[in-house]
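Source file: final.cif; contents: mmCIF, C-alpha atoms.
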data_upload
loop_
_atom_site.label_atom_id
_atom_site.label_comp_id
_atom_site.auth_asym_id
_atom_site.auth_seq_id
_atom_site.Cartn_x
_atom_site.Cartn_y
_atom_site.Cartn_z
CA MET A 1276 -28.56 110.34 90.01
CA THR A 1277 -28.15 113.87 91.33
CA ALA A 1278 -30.63 116.70 90.86
CA THR A 1279 -29.81 119.60 88.53
CA GLN A 1280 -31.34 122.22 90.83
CA ALA A 1281 -31.91 122.60 94.55
CA LEU A 1282 -32.94 125.20 97.10
CA GLY A 1283 -30.21 126.68 99.25
CA ILE A 1284 -30.94 128.58 102.47
CA ASP A 1285 -28.17 130.43 104.30
CA ILE A 1286 -29.01 131.12 107.96
CA GLY A 1287 -27.01 133.90 109.58
CA GLY A 1288 -27.09 135.95 112.73
CA SER A 1289 -28.70 138.93 111.00
CA GLY A 1290 -30.40 137.52 107.90
CA ILE A 1291 -31.74 134.30 106.37
CA LYS A 1292 -31.32 134.13 102.58
CA GLY A 1293 -32.53 131.64 100.02
CA ALA A 1294 -32.57 130.98 96.29
CA LEU A 1295 -32.96 128.18 93.80
CA VAL A 1296 -29.59 127.08 92.42
CA ASP A 1297 -28.41 125.41 89.23
CA VAL A 1298 -26.11 122.91 90.96
CA GLU A 1299 -24.29 121.96 87.76
CA ARG A 1300 -23.18 125.53 87.10
CA GLY A 1301 -23.15 126.88 90.64
CA GLU A 1302 -25.44 129.78 89.76
CA LEU A 1303 -28.60 131.22 91.26
CA ILE A 1304 -31.57 130.75 88.94
CA THR A 1305 -33.96 132.94 90.95
CA GLU A 1306 -33.66 136.25 92.72
CA ARG A 1307 -32.30 135.81 96.22
CA ARG A 1308 -34.87 136.42 98.97
CA ARG A 1309 -33.71 137.70 102.35
CA ILE A 1310 -35.67 137.73 105.60
CA SER A 1311 -34.27 139.26 108.78
CA THR A 1312 -33.30 136.69 111.38
CA PRO A 1313 -35.96 136.75 114.13
CA HIS A 1314 -35.01 137.98 117.57
CA PRO A 1315 -34.79 136.00 119.66
CA SER A 1316 -33.55 133.54 117.07
CA THR A 1317 -35.08 130.47 118.70
CA PRO A 1318 -35.30 127.16 116.80
CA GLU A 1319 -39.05 127.42 116.30
CA ARG A 1320 -38.93 130.97 114.93
CA VAL A 1321 -36.05 130.24 112.55
CA ALA A 1322 -37.85 127.09 111.36
CA GLU A 1323 -40.85 129.27 110.48
CA VAL A 1324 -38.63 131.41 108.25
CA VAL A 1325 -37.18 128.32 106.54
CA ALA A 1326 -40.72 127.11 105.84
CA GLU A 1327 -41.67 130.57 104.52
CA LEU A 1328 -38.77 130.51 102.06
CA VAL A 1329 -39.68 127.02 100.86
CA ARG A 1330 -43.24 128.24 100.22
CA HIS A 1331 -41.98 131.39 98.50
CA PHE A 1332 -40.01 129.35 95.97
CA ASP A 1333 -42.75 126.70 95.75
CA HIS A 1334 -39.97 124.16 96.08
CA ARG A 1335 -40.24 120.38 96.21
CA GLY A 1336 -36.91 118.61 96.16
CA PRO A 1337 -33.37 118.84 97.58
CA LEU A 1338 -33.05 121.48 100.31
CA GLY A 1339 -29.75 122.48 101.86
CA CYS A 1340 -29.52 124.79 104.88
CA THR A 1341 -26.46 126.36 106.42
CA PHE A 1342 -26.20 127.22 110.10
CA PRO A 1343 -23.61 129.26 112.07
CA ALA A 1344 -22.65 126.42 114.40
CA VAL A 1345 -20.88 123.11 114.67
CA VAL A 1346 -23.20 120.65 112.92
CA ARG A 1347 -22.95 116.87 113.33
CA ARG A 1348 -25.47 114.63 111.56
CA GLY A 1349 -28.06 117.41 111.55
CA VAL A 1350 -27.63 118.37 115.22
CA THR A 1351 -26.38 121.86 116.15
CA LEU A 1352 -23.72 121.56 118.86
CA SER A 1353 -22.88 125.24 119.40
CA ALA A 1354 -24.57 128.64 119.18
CA ALA A 1355 -22.07 131.48 118.89
CA ASN A 1356 -24.20 134.12 117.16
CA VAL A 1357 -27.72 132.76 117.60
CA ASP A 1358 -29.96 131.93 120.55
CA LYS A 1359 -28.31 129.54 123.03
CA SER A 1360 -31.35 127.25 122.88
CA TRP A 1361 -29.93 125.83 119.62
CA VAL A 1362 -27.31 123.73 121.43
CA GLY A 1363 -28.21 120.05 121.06
CA VAL A 1364 -31.17 120.60 118.71
CA ASN A 1365 -31.79 118.22 115.80
CA ALA A 1366 -32.19 121.19 113.48
CA ALA A 1367 -32.38 119.11 110.31
CA ALA A 1368 -35.41 117.24 111.67
CA LEU A 1369 -36.97 120.50 112.88
CA PHE A 1370 -36.62 122.10 109.44
CA GLU A 1371 -37.94 118.96 107.74
CA GLU A 1372 -41.06 119.04 109.89
CA ALA A 1373 -41.60 122.75 109.22
CA SER A 1374 -40.95 122.63 105.46
CA GLY A 1375 -42.17 119.17 104.48
CA GLN A 1376 -38.89 118.60 102.61
CA ARG A 1377 -35.85 116.48 103.30
CA VAL A 1378 -33.12 118.76 104.64
CA LEU A 1379 -29.33 118.59 104.65
CA LEU A 1380 -27.88 120.87 107.34
CA LEU A 1381 -24.25 121.96 107.38
CA ASN A 1382 -22.00 124.58 108.90
CA ASP A 1383 -22.33 127.90 107.07
CA ALA A 1384 -18.64 128.43 106.32
CA ASP A 1385 -18.24 124.80 105.23
CA ALA A 1386 -21.06 125.32 102.71
CA ALA A 1387 -19.47 128.50 101.38
CA GLY A 1388 -16.12 126.75 101.13
CA MET A 1389 -17.61 123.84 99.19
CA ALA A 1390 -19.09 126.31 96.70
CA GLU A 1391 -15.78 128.11 96.23
CA MET A 1392 -13.82 124.87 95.88
CA THR A 1393 -16.29 123.52 93.31
CA PHE A 1394 -17.22 126.62 91.32
CA GLY A 1395 -15.10 129.53 92.49
CA ALA A 1396 -11.75 130.77 93.73
CA GLY A 1397 -10.53 127.39 95.02
CA ARG A 1398 -11.47 125.34 91.98
CA GLY A 1399 -8.62 122.98 91.02
CA GLU A 1400 -6.50 123.86 94.06
CA GLU A 1401 -4.94 120.67 95.46
CA GLY A 1402 -3.05 122.12 98.42
CA VAL A 1403 -4.25 123.47 101.76
CA VAL A 1404 -6.99 126.04 101.25
CA LEU A 1405 -8.47 128.06 104.10
CA MET A 1406 -11.67 129.97 103.44
CA LEU A 1407 -12.79 132.58 105.95
CA THR A 1408 -16.17 134.30 106.00
CA PHE A 1409 -16.33 137.68 107.72
CA GLY A 1410 -19.74 138.78 108.94
CA THR A 1411 -21.47 138.71 112.32
CA GLY A 1412 -18.68 136.31 113.30
CA ILE A 1413 -15.81 134.64 111.45
CA GLY A 1414 -16.49 131.28 109.84
CA SER A 1415 -13.82 128.96 108.49
CA ALA A 1416 -13.58 126.05 106.07
CA LEU A 1417 -10.36 124.07 105.74
CA PHE A 1418 -9.58 121.87 102.72
CA PHE A 1419 -6.71 119.62 101.72
CA ALA A 1420 -6.59 118.11 98.24
CA GLY A 1421 -10.14 119.31 97.77
CA ARG A 1422 -11.45 117.45 100.82
CA LEU A 1423 -13.18 119.28 103.66
CA LEU A 1424 -12.27 119.02 107.33
CA PRO A 1425 -15.68 120.06 108.74
CA ASN A 1426 -16.54 122.32 111.67
CA THR A 1427 -13.15 123.97 112.19
CA GLU A 1428 -14.66 127.12 113.80
CA LEU A 1429 -11.37 129.04 113.62
CA GLY A 1430 -13.12 132.30 114.39
CA HIS A 1431 -12.98 131.15 118.02
CA LEU A 1432 -9.19 130.92 118.15
CA GLN A 1433 -7.83 133.12 120.90
CA LEU A 1434 -6.35 136.40 119.71
CA LYS A 1435 -5.80 139.55 121.76
CA GLY A 1436 -7.19 137.73 124.79
CA ASP A 1437 -10.57 136.87 123.24
CA ASP A 1438 -12.17 134.98 120.35
CA ALA A 1439 -10.66 136.30 117.14
CA GLU A 1440 -14.11 137.14 115.77
CA GLU A 1441 -14.71 139.56 118.65
CA TRP A 1442 -11.78 141.61 117.34
CA ALA A 1443 -11.61 141.00 113.59
CA SER A 1444 -15.12 140.20 112.32
CA ASP A 1445 -17.09 142.59 110.13
CA ARG A 1446 -19.35 143.16 113.14
CA ALA A 1447 -16.30 144.32 115.12
CA ARG A 1448 -15.41 146.70 112.26
CA LYS A 1449 -18.82 148.32 112.50
CA GLU A 1450 -19.14 148.32 116.29
CA ASP A 1451 -15.65 149.78 116.77
CA ASP A 1452 -16.25 152.27 113.95
CA LEU A 1453 -13.05 151.24 112.16
CA GLY A 1454 -11.87 152.48 108.79
CA TRP A 1455 -10.80 149.90 106.22
CA LYS A 1456 -7.10 150.41 107.00
CA LYS A 1457 -7.38 149.77 110.73
CA TRP A 1458 -9.73 146.84 110.23
CA GLY A 1459 -7.56 145.44 107.44
CA LYS A 1460 -4.59 145.40 109.78
CA ARG A 1461 -6.65 143.46 112.32
CA VAL A 1462 -7.59 140.93 109.65
CA GLY A 1463 -3.95 140.75 108.61
CA ARG A 1464 -2.90 139.95 112.17
CA TYR A 1465 -5.49 137.20 112.31
CA LEU A 1466 -4.35 135.70 108.98
CA GLU A 1467 -0.73 135.72 110.16
CA HIS A 1468 -1.80 133.74 113.24
CA LEU A 1469 -3.60 131.19 111.04
CA GLU A 1470 -0.60 130.96 108.75
CA LEU A 1471 1.61 129.95 111.67
CA LEU A 1472 -0.82 127.16 112.55
CA PHE A 1473 -1.83 125.77 109.13
CA THR A 1474 0.60 127.04 106.45
CA PRO A 1475 -2.15 127.30 103.81
CA ASP A 1476 -1.40 127.55 100.12
CA LEU A 1477 -4.35 129.88 99.60
CA PHE A 1478 -6.67 132.07 101.65
CA ILE A 1479 -10.17 132.77 100.29
CA ILE A 1480 -12.03 135.67 101.91
CA GLY A 1481 -15.82 135.45 101.82
CA GLY A 1482 -18.85 137.00 103.47
CA GLY A 1483 -20.31 140.40 102.72
CA VAL A 1484 -16.89 142.12 102.80
CA SER A 1485 -15.64 140.01 99.89
CA LYS A 1486 -17.12 142.54 97.46
CA ARG A 1487 -15.09 145.28 99.17
CA SER A 1488 -11.75 143.48 98.96
CA ASP A 1489 -10.11 146.45 97.26
CA LYS A 1490 -10.65 148.42 100.48
CA PHE A 1491 -8.55 146.22 102.78
CA PHE A 1492 -6.54 143.58 100.89
CA GLY A 1493 -3.66 146.03 100.59
CA TYR A 1494 -3.17 145.86 104.38
CA LEU A 1495 -2.82 142.06 104.48
CA ASP A 1496 0.75 140.74 104.66
CA THR A 1497 0.79 136.95 104.26
CA GLN A 1498 3.02 134.43 102.54
CA ALA A 1499 0.07 132.65 100.95
CA PRO A 1500 -2.01 134.44 98.30
CA VAL A 1501 -5.27 135.99 99.51
CA VAL A 1502 -8.17 136.16 97.05
CA PRO A 1503 -11.82 137.22 97.37
CA ALA A 1504 -14.56 134.62 97.08
CA GLN A 1505 -15.82 134.58 93.51
CA LEU A 1506 -19.37 133.74 94.55
CA LEU A 1507 -19.26 136.66 96.99
CA ASN A 1508 -22.09 136.53 99.52
CA GLU A 1509 -23.99 133.86 97.56
CA ALA A 1510 -21.47 131.11 98.33
CA GLY A 1511 -23.40 129.74 101.32
CA ILE A 1512 -26.60 129.39 99.32
CA VAL A 1513 -24.81 127.70 96.43
CA GLY A 1514 -22.83 125.36 98.66
CA ALA A 1515 -25.87 124.28 100.64
CA ALA A 1516 -27.88 123.57 97.50
CA TYR A 1517 -24.96 121.73 95.87
CA ALA A 1518 -24.37 119.50 98.91
CA ALA A 1519 -28.08 118.69 99.21
CA SER A 1520 -28.30 117.73 95.54
CA ARG A 1521 -25.48 115.20 95.84
CA ARG A 1522 -26.57 113.13 98.82
#

Representation of the structure as structure tokens:
Amino acid sequence: MTATQALGIDIGGSGIKGALVDVERGELITERRRISTPHPSTPERVAEVVAELVRHFDHRGPLGCTFPAVVRRGVTLSAANVDKSWVGVNAAALFEEASGQRVLLLNDADAAGMAEMTFGAGRGEEGVVLMLTFGTGIGSALFFAGRLLPNTELGHLQLKGDDAEEWASDRARKEDDLGWKKWGKRVGRYLEHLELLFTPDLFIIGGGVSKRSDKFFGYLDTQAPVVPAQLLNEAGIVGAAYAASRR
């Protein structure tokens, strides 16, 4: 029997956000709480923030955490936008020790994609769906017939001689002081590259920029439809909570 609510925590390069989630409706049932990601973002310091969020919500029960890395059976195998000391850490066990709760850890974009496929823009889509989250980096979640292929990490595809996220992430937009048109054309180039490789039936764009889709969607030229994430920047929290409630 699955739980009807769970705590979702979304760990990012700049912020760590949490909320209690109604996992049957895919909706937050508390105000989201955000704490800046510590610098350096070492495992011990991030675990302290996870424990602080659990205490804030006075939560006892399913706890799902996202992480911006390849995650296999609770172990973080990469560290693109966090401290390099995360590589090889059993982060699920670390968070369990800090919080006193059983933790399900999963890749941040995979969690957001699960939320969108279950409750949002990808609901009912049986073809190839590619969700991309634009923030500090670029996360990706690839689905076929509603099933997830985990840890795709397509933000690290080579484009313009470097990782695509170094050129087309929201961080790159800010650091290069780009207007929406110029950045939108960069995103469009990236989507065209992905379309050649995967021929998706649908692109879903998530992350903080999803609520500004009107500013740059007009500069995207793809064969597949491109839609904003319906859960906007809450998708990671919802997806993490939903996955934790079902295991």

For the structure shown, which residues end up in the PyMOL selection byres ((chain A and resi 1489) around 12)? Put them as JSON, numbers by chain, please?
{"A": [1455, 1456, 1459, 1480, 1484, 1485, 1486, 1487, 1488, 1490, 1491, 1492, 1493, 1494, 1495, 1501, 1502, 1503]}

With stretch 1276-1292 of chain A as the partner and 8 Å as the cut-off, tabulate the residues of stretch 1344-1409 of chain A that qualify, each row holding the nearest pair of atoms and their distance in Å to one decimal, using all atoms listed in the file, sorted by chain and rising number, as a tab-separated table.
residue	atom	partner	partner_atom	distance
A:Asn1356	CA	A:Gly1288	CA	5.6
A:Val1357	CA	A:Gly1288	CA	5.9
A:Asp1383	CA	A:Asp1285	CA	6.9

Residues within 12 Å of A:Leu1472, please, as a PyMOL selection string. Count only C-alpha atoms; anything in the same chain fewer than 5 positions from it doesn't count.
chain A and resi 1403+1405+1429+1432+1465-1467

Kindly resolve the PyMOL selection byres ((chain A and resi 1333) around 12) on the present coordinates and return the residues as a ChimeraX atom specification.
/A:1281-1282,1294-1295,1305,1326-1332,1334-1336,1338,1374-1376

Suppose a student applies the PyMOL selection byres ((chain A and resi 1381) around 6) to this structure; what residues should they get, written as a compact mmCIF listing (two decimals) with C-alpha atoms, in the coordinates of the input?
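Below you can see result_37.txt, which holds the result:
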# COMPACT_ATOMS: atom_id res chain seq x y z
CA THR A 1341 -26.46 126.36 106.42
CA VAL A 1346 -23.20 120.65 112.92
CA LEU A 1380 -27.88 120.87 107.34
CA ASN A 1382 -22.00 124.58 108.90

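From atom CA of A:Ala1366 back to atom CA of A:Thr1312, the distance works out to 15.7 Å.
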
Between atom CA of A:Leu1424 and atom CA of A:Ala1516, what is the distance, to one decimal in Å?
19.0 Å

Selected residue of minimal separation from A:Ala1447 among A:Gly1421, A:Ala1368, A:Ile1413, A:Thr1474, counting only C-alpha atoms:
A:Ile1413

Length of the atom CA of A:Met1389 to atom CA of A:Gln1498 vector [Å]:
23.4 Å

Which one is closest to A:Asp1297: A:Ala1390, A:Val1345, A:Leu1453, A:Met1406? Count all atoms listed in the file.
A:Ala1390

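Nearest residue to A:Ala1519, choosing from A:Pro1500, A:Pro1425, A:Pro1337, A:Gly1454 and counting all atoms listed in the file: A:Pro1337.
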
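Proximity ranking of A:Glu1299, A:Ser1415, A:Asp1385, A:Leu1434 relative to A:Arg1521 places A:Glu1299 first, based on all atoms listed in the file.
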
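Those DNA, RNA and protein residues that approach the point (-16.1, 135.7, 110.0) to within 6 Å, considering only C-alpha atoms, are Thr1408, Phe1409, Gly1410, Gly1412, Ile1413, Gly1414 and Ser1444 of chain A.
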
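Shortest atom-to-atom contact with A:Val1462 among A:Ser1316, A:Asn1365, A:Thr1393, A:Thr1497: A:Thr1497, counting all atoms listed in the file.
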
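Residue nearest A:Trp1361, chosen from A:Asp1438, A:Glu1391, A:Glu1401, A:Glu1319 and counting all atoms listed in the file: A:Glu1319.
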